[in-house]
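Okay, work_30.txt is below, compact mmCIF, C-alpha atoms:
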```txt
# COMPACT_ATOMS: atom_id res chain seq x y z
CA MET D 604 7.79 -6.21 10.73
CA ILE D 605 8.65 -3.53 8.20
CA ILE D 606 7.41 0.05 8.14
CA LEU D 607 6.48 1.55 4.78
CA PRO D 608 6.17 5.34 4.88
CA ALA D 609 3.77 6.49 2.19
CA ILE D 610 3.65 9.13 -0.51
CA ASP D 611 0.44 9.48 -2.52
CA ILE D 612 0.74 11.50 -5.71
CA LYS D 613 -1.98 13.57 -7.36
CA ASP D 614 -1.26 16.13 -10.06
CA GLY D 615 2.43 15.63 -9.32
CA ASN D 616 2.01 16.66 -5.67
CA CYS D 617 2.47 14.74 -2.42
CA VAL D 618 -1.03 14.52 -0.95
CA ARG D 619 -3.30 12.63 1.42
CA LEU D 620 -7.00 11.90 1.21
CA TYR D 621 -9.61 11.44 3.93
CA LYS D 622 -11.38 8.07 3.64
CA GLY D 623 -10.36 7.87 -0.01
CA ASP D 624 -12.46 10.90 -0.97
CA PHE D 625 -10.81 12.78 -3.85
CA SER D 626 -12.57 16.00 -2.82
CA THR D 627 -10.56 16.01 0.44
CA VAL D 628 -7.14 16.11 -1.21
CA GLU D 629 -4.56 17.84 0.98
CA LYS D 630 -0.97 18.62 0.03
CA VAL D 631 1.30 17.28 2.76
CA ALA D 632 4.84 17.83 1.46
CA ALA D 633 6.58 20.16 -0.95
CA ASP D 634 8.83 17.74 -2.80
CA TYR D 635 8.50 13.98 -3.30
CA MET D 636 12.25 13.34 -3.62
CA GLU D 637 13.13 15.35 -0.54
CA THR D 638 10.39 13.53 1.37
CA ALA D 639 11.60 10.12 0.20
CA LYS D 640 15.18 10.93 1.21
CA ASP D 641 13.96 12.07 4.64
CA PHE D 642 12.27 8.69 5.03
CA GLU D 643 15.52 6.99 4.10
CA LYS D 644 17.46 9.06 6.62
CA ALA D 645 14.97 8.00 9.30
CA GLY D 646 15.90 4.38 8.63
CA ALA D 647 13.20 3.28 6.19
CA SER D 648 14.12 0.56 3.70
CA TRP D 649 10.80 0.63 1.83
CA ILE D 650 8.46 3.32 0.54
CA HIS D 651 4.81 2.85 -0.42
CA MET D 652 3.71 5.08 -3.30
CA VAL D 653 0.28 5.47 -4.89
CA ASP D 654 -0.66 7.05 -8.20
CA LEU D 655 -4.03 8.55 -7.26
CA ASP D 656 -4.55 9.96 -10.73
CA GLY D 657 -3.72 6.55 -12.15
CA ALA D 658 -6.16 4.79 -9.82
CA LYS D 659 -8.93 7.08 -11.01
CA GLU D 660 -8.07 6.90 -14.71
CA GLY D 661 -7.10 3.23 -14.88
CA ARG D 662 -3.64 3.90 -16.31
CA PRO D 663 -0.27 5.15 -15.02
CA VAL D 664 -0.14 8.95 -14.81
CA ASN D 665 2.74 9.83 -12.46
CA GLN D 666 5.02 6.95 -13.42
CA LYS D 667 8.20 9.04 -13.79
CA ILE D 668 8.03 10.07 -10.13
CA TYR D 669 8.19 6.48 -8.88
CA GLU D 670 10.95 5.59 -11.29
CA ASP D 671 12.87 8.66 -10.08
CA VAL D 672 12.63 7.59 -6.44
CA ALA D 673 13.67 4.04 -7.31
CA ALA D 674 16.69 5.28 -9.28
CA ASN D 675 17.87 8.02 -6.93
CA THR D 676 17.35 6.66 -3.41
CA GLY D 677 18.26 3.41 -1.69
CA LEU D 678 14.60 2.73 -0.92
CA LYS D 679 12.72 -0.27 -2.23
CA VAL D 680 9.68 1.18 -3.98
CA GLU D 681 6.24 -0.37 -3.79
CA VAL D 682 3.78 1.31 -6.15
CA GLY D 683 0.11 1.02 -7.02
CA GLY D 684 -2.59 2.89 -8.88
CA GLY D 685 -3.76 2.38 -12.44
CA ILE D 686 -1.76 -0.80 -13.14
CA ARG D 687 -3.94 -2.84 -15.48
CA ASN D 688 -1.64 -4.91 -17.73
CA LEU D 689 1.58 -6.92 -17.84
CA GLU D 690 3.35 -4.29 -19.93
CA THR D 691 2.95 -1.66 -17.20
CA ILE D 692 4.15 -4.09 -14.56
CA GLU D 693 7.20 -4.96 -16.64
CA THR D 694 8.01 -1.30 -17.25
CA TYR D 695 7.87 -0.53 -13.53
CA LEU D 696 9.98 -3.51 -12.52
CA LYS D 697 12.59 -2.87 -15.21
CA SER D 698 12.88 0.73 -14.01
CA GLY D 699 13.84 -0.42 -10.53
CA VAL D 700 10.50 -0.53 -8.73
CA GLU D 701 10.60 -3.51 -6.37
CA ARG D 702 6.93 -4.40 -6.04
CA VAL D 703 3.76 -3.41 -7.87
CA ILE D 704 0.27 -3.43 -6.40
CA LEU D 705 -2.74 -4.73 -8.27
CA GLY D 706 -6.00 -3.53 -6.77
CA SER D 707 -9.04 -3.32 -9.04
CA ALA D 708 -7.48 -5.91 -11.34
CA ALA D 709 -7.58 -8.56 -8.61
CA LEU D 710 -11.37 -8.43 -8.65
CA LYS D 711 -12.03 -7.60 -12.28
CA ASN D 712 -9.19 -9.47 -14.01
CA PRO D 713 -7.81 -12.26 -11.81
CA LYS D 714 -6.08 -13.78 -14.84
CA LEU D 715 -3.83 -10.71 -14.95
CA VAL D 716 -2.80 -11.33 -11.36
CA LYS D 717 -2.14 -15.00 -12.03
CA ASP D 718 -0.10 -14.20 -15.15
CA ALA D 719 1.83 -11.48 -13.32
CA VAL D 720 2.82 -13.81 -10.47
CA ALA D 721 3.85 -16.51 -12.95
CA ARG D 722 5.87 -14.13 -15.10
CA PHE D 723 7.49 -11.83 -12.54
CA GLY D 724 7.45 -13.87 -9.31
CA SER D 725 5.36 -13.52 -6.16
CA THR D 726 7.88 -11.26 -4.42
CA HIS D 727 7.25 -8.51 -6.98
CA ILE D 728 3.45 -8.60 -6.97
CA ALA D 729 1.09 -7.46 -4.21
CA VAL D 730 -2.68 -7.35 -4.20
CA GLY D 731 -4.36 -4.38 -2.57
CA ILE D 732 -7.58 -5.26 -0.78
CA ASP D 733 -9.44 -2.04 -0.05
CA SER D 734 -12.75 -2.45 1.73
CA LYS D 735 -15.70 -0.73 3.31
CA SER D 736 -17.46 -2.73 6.05
CA GLY D 737 -15.65 -5.84 4.84
CA MET D 738 -16.67 -5.49 1.18
CA VAL D 739 -14.09 -4.81 -1.52
CA ALA D 740 -14.02 -1.43 -3.30
CA THR D 741 -12.34 -0.78 -6.66
CA GLU D 742 -11.41 1.94 -9.17
CA GLY D 743 -9.67 4.24 -6.73
CA TRP D 744 -12.32 3.32 -4.13
CA LEU D 745 -15.04 4.87 -6.29
CA GLU D 746 -16.89 1.58 -6.85
CA GLU D 747 -18.10 -0.87 -4.20
CA SER D 748 -18.53 -4.58 -4.89
CA ASP D 749 -20.41 -7.45 -3.27
CA VAL D 750 -17.20 -9.44 -2.72
CA ASP D 751 -15.99 -10.11 0.82
CA GLU D 752 -12.38 -9.14 1.61
CA VAL D 753 -11.44 -12.55 3.07
CA THR D 754 -12.92 -14.37 0.08
CA LEU D 755 -10.86 -12.27 -2.32
CA MET D 756 -7.66 -12.82 -0.34
CA LEU D 757 -8.14 -16.60 -0.27
CA GLU D 758 -8.86 -16.69 -4.01
CA MET D 759 -5.73 -14.66 -4.72
CA MET D 760 -3.65 -16.95 -2.50
CA LYS D 761 -4.78 -19.91 -4.62
CA ILE D 762 -3.19 -18.34 -7.70
CA GLY D 763 0.11 -17.66 -5.95
CA VAL D 764 -0.18 -14.19 -4.37
CA LYS D 765 2.01 -13.84 -1.27
CA TYR D 766 1.66 -10.13 -0.43
CA PHE D 767 -1.52 -8.28 0.48
CA ILE D 768 -2.09 -4.66 1.43
CA VAL D 769 -5.23 -4.49 3.53
CA THR D 770 -6.95 -1.12 3.83
CA ASP D 771 -10.06 -0.19 5.75
CA ILE D 772 -11.18 2.79 3.67
CA SER D 773 -13.19 4.19 6.58
CA LYS D 774 -9.92 4.49 8.51
CA ASP D 775 -7.68 5.85 5.77
CA GLY D 776 -6.35 9.32 6.50
CA THR D 777 -8.39 9.60 9.72
CA LEU D 778 -5.65 9.08 12.35
CA SER D 779 -8.24 7.05 14.26
CA GLY D 780 -6.17 3.90 14.77
CA VAL D 781 -5.87 0.73 12.72
CA ASN D 782 -8.77 -1.69 12.43
CA THR D 783 -7.33 -4.48 14.55
CA ASP D 784 -10.46 -6.63 14.21
CA GLN D 785 -10.20 -6.58 10.42
CA LEU D 786 -6.47 -7.23 10.45
CA ARG D 787 -6.78 -10.08 12.94
CA LYS D 788 -9.53 -11.68 10.83
CA MET D 789 -7.44 -11.45 7.68
CA HIS D 790 -4.27 -12.68 9.38
CA GLU D 791 -6.05 -15.68 10.91
CA ALA D 792 -7.72 -16.55 7.60
CA ALA D 793 -4.33 -16.48 5.88
CA GLN D 794 -2.88 -18.99 8.37
CA ASP D 795 0.62 -17.55 7.99
CA LYS D 796 0.69 -18.52 4.30
CA CYS D 797 1.02 -14.94 3.05
CA ASN D 798 2.34 -11.54 4.10
CA ILE D 799 -0.19 -8.92 5.21
CA ILE D 800 0.56 -5.20 5.21
CA ALA D 801 -1.77 -2.98 7.24
CA SER D 802 -2.89 0.32 5.75
CA GLY D 803 -5.20 3.04 7.00
CA GLY D 804 -5.72 4.72 10.35
CA VAL D 805 -2.21 4.61 11.82
CA HIS D 806 -2.01 7.38 14.41
CA THR D 807 0.58 6.69 17.11
CA ILE D 808 3.28 4.20 18.08
CA GLU D 809 0.54 2.14 19.73
CA ASP D 810 -0.80 1.26 16.28
CA ILE D 811 2.63 0.00 15.26
CA ARG D 812 2.78 -2.08 18.43
CA ASN D 813 -0.68 -3.52 17.73
CA CYS D 814 0.25 -4.50 14.17
CA LYS D 815 3.48 -6.09 15.33
CA GLU D 816 1.66 -8.08 18.02
CA LEU D 817 -0.79 -9.34 15.39
CA GLY D 818 2.15 -10.84 13.53
CA LEU D 819 1.76 -8.76 10.39
CA TYR D 820 4.49 -8.46 7.76
CA GLY D 821 4.28 -4.67 7.48
CA THR D 822 2.48 -1.42 8.27
CA ILE D 823 2.02 1.61 6.03
CA CYS D 824 2.23 5.04 7.66
CA GLY D 825 1.25 8.25 5.91
CA LYS D 826 -0.66 11.09 7.50
CA SER D 827 0.64 10.23 10.98
CA ILE D 828 4.20 10.99 9.83
CA TYR D 829 3.28 14.23 8.08
CA GLN D 830 1.26 15.52 11.03
CA GLY D 831 3.85 14.46 13.59
CA THR D 832 1.72 12.05 15.64
CA LEU D 833 4.14 9.25 14.79
CA ASP D 834 7.93 9.41 14.77
CA LEU D 835 9.11 7.34 11.81
CA SER D 836 12.46 6.42 13.34
CA GLU D 837 10.78 5.22 16.54
CA ALA D 838 8.23 3.23 14.54
CA ILE D 839 10.99 1.51 12.54
CA ARG D 840 12.95 0.65 15.69
CA LEU D 841 9.88 -0.87 17.33
CA ALA D 842 8.85 -2.76 14.20
CA GLU D 843 12.32 -4.22 13.74
CA GLY D 844 12.68 -5.06 17.42
CA VAL D 845 15.53 -2.62 17.99
CA LYS D 846 15.59 -0.97 21.43
```

Represent the structure of the file as structure tokens.
Amino acid sequence: MIILPAIDIKDGNCVRLYKGDFSTVEKVAADYMETAKDFEKAGASWIHMVDLDGAKEGRPVNQKIYEDVAANTGLKVEVGGGIRNLETIETYLKSGVERVILGSAALKNPKLVKDAVARFGSTHIAVGIDSKSGMVATEGWLEESDVDEVTLMLEMMKIGVKYFIVTDISKDGTLSGVNTDQLRKMHEAAQDKCNIIASGGVHTIEDIRNCKELGLYGTICGKSIYQGTLDLSEAIRLAEGVK
């Protein structure tokens, strides 16, 4: 399993939200590049980055920051937020970003997802499934739908998606532990035919252990690292099976 430390960007700052609520924005680090390099020093190979402004506005806003991290660290960058067309995806990938995340587009424009996988390859495209009580939310979590999270995942798998980032919005930024029931349900429904990345609620090393035992591909850690309840180096060692 891989660990993806996270940096969310709003107004150019490294922040975290509580349950996806934009009114709860909290600055968690002074400098995105310094933070990314600290993650790299701790042993991380990937970094998960979200353009919160982009998610809200439906277009890239902080794009240069992600391109900067991709160009000036050894980290593989996974980025989401406001990606709504093939041109944006191509720009990100050409700039060195390794994987882009399509969230709202998966529900509202599945053809874009299908075209993206066909054009850029499944390894470079992930679908973010963000849900409340099992139902998918979109537009930076500001809109709720009547689509079930498992249904969306299975539909996306049919068009070639291999990577999914599964977030329980009620857990995000809460340090209350991952939703193992949700993750188990998604993992079992996928039948090992895709790679699931857990997001939201990670608090301690026990959450990393739980995700690893579920057989997940990866786990995203954000607030737990910034607040010191999780040691990133320890998490990476456990995830990779290094004693």

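A straight line drawn from CA of Gly706 (chain D) to CA of Glu681 (chain D) is 13.0 Å long.
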
Counting all atoms listed in the file, figure out which residue out of D:Asn712, D:Asn665, D:Thr627, D:Ser802 gets nearest to Lys613 (chain D).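 Of all the options, D:Asn665 lies closest to Lys613 (chain D).
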
Around (-16.7, 3.8, 4.3), as given in the file, which residues come within 6 Å? Count all atoms listed in the file and list them as a PyMOL selection string. chain D and resi 735+772-773

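Nearest to Asp611 (chain D) of all the residues D:Gly825, D:Cys797, D:Phe767, D:Asp624 is D:Gly825, counting all atoms listed in the file.
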
So how many Å separate CA of Gly803 (chain D) and CA of Gly776 (chain D), to one decimal? 6.4 Å

Work out how far apart CA of Lys765 (chain D) and CA of Ile732 (chain D) are and give it in Å to one decimal.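 Computing it gives 12.9 Å between the two atoms.
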
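If only C-alpha atoms are the atoms counted, then among D:Met604, D:Ile799, D:Met756, D:Val750 the closest residue to Ile811 (chain D) is D:Met604.
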
Which polymer residues have any atom within 6 Å of an atom of region 683-699 of chain D, counting all atoms listed in the file, with same-chain residues fewer than 5 positions away left out, as a ChimeraX atom specification? /D:653-654,657-658,661-663,670,673,704

Which polymer residues have any atom within 9 Å of an atom of region 787-793 of chain D, counting only C-alpha atoms, with same-chain residues fewer than 4 positions away left out, as an NGL selection string? :D and (752-753 or 756-757 or 760 or 769 or 782-783 or 797-799 or 817-819)
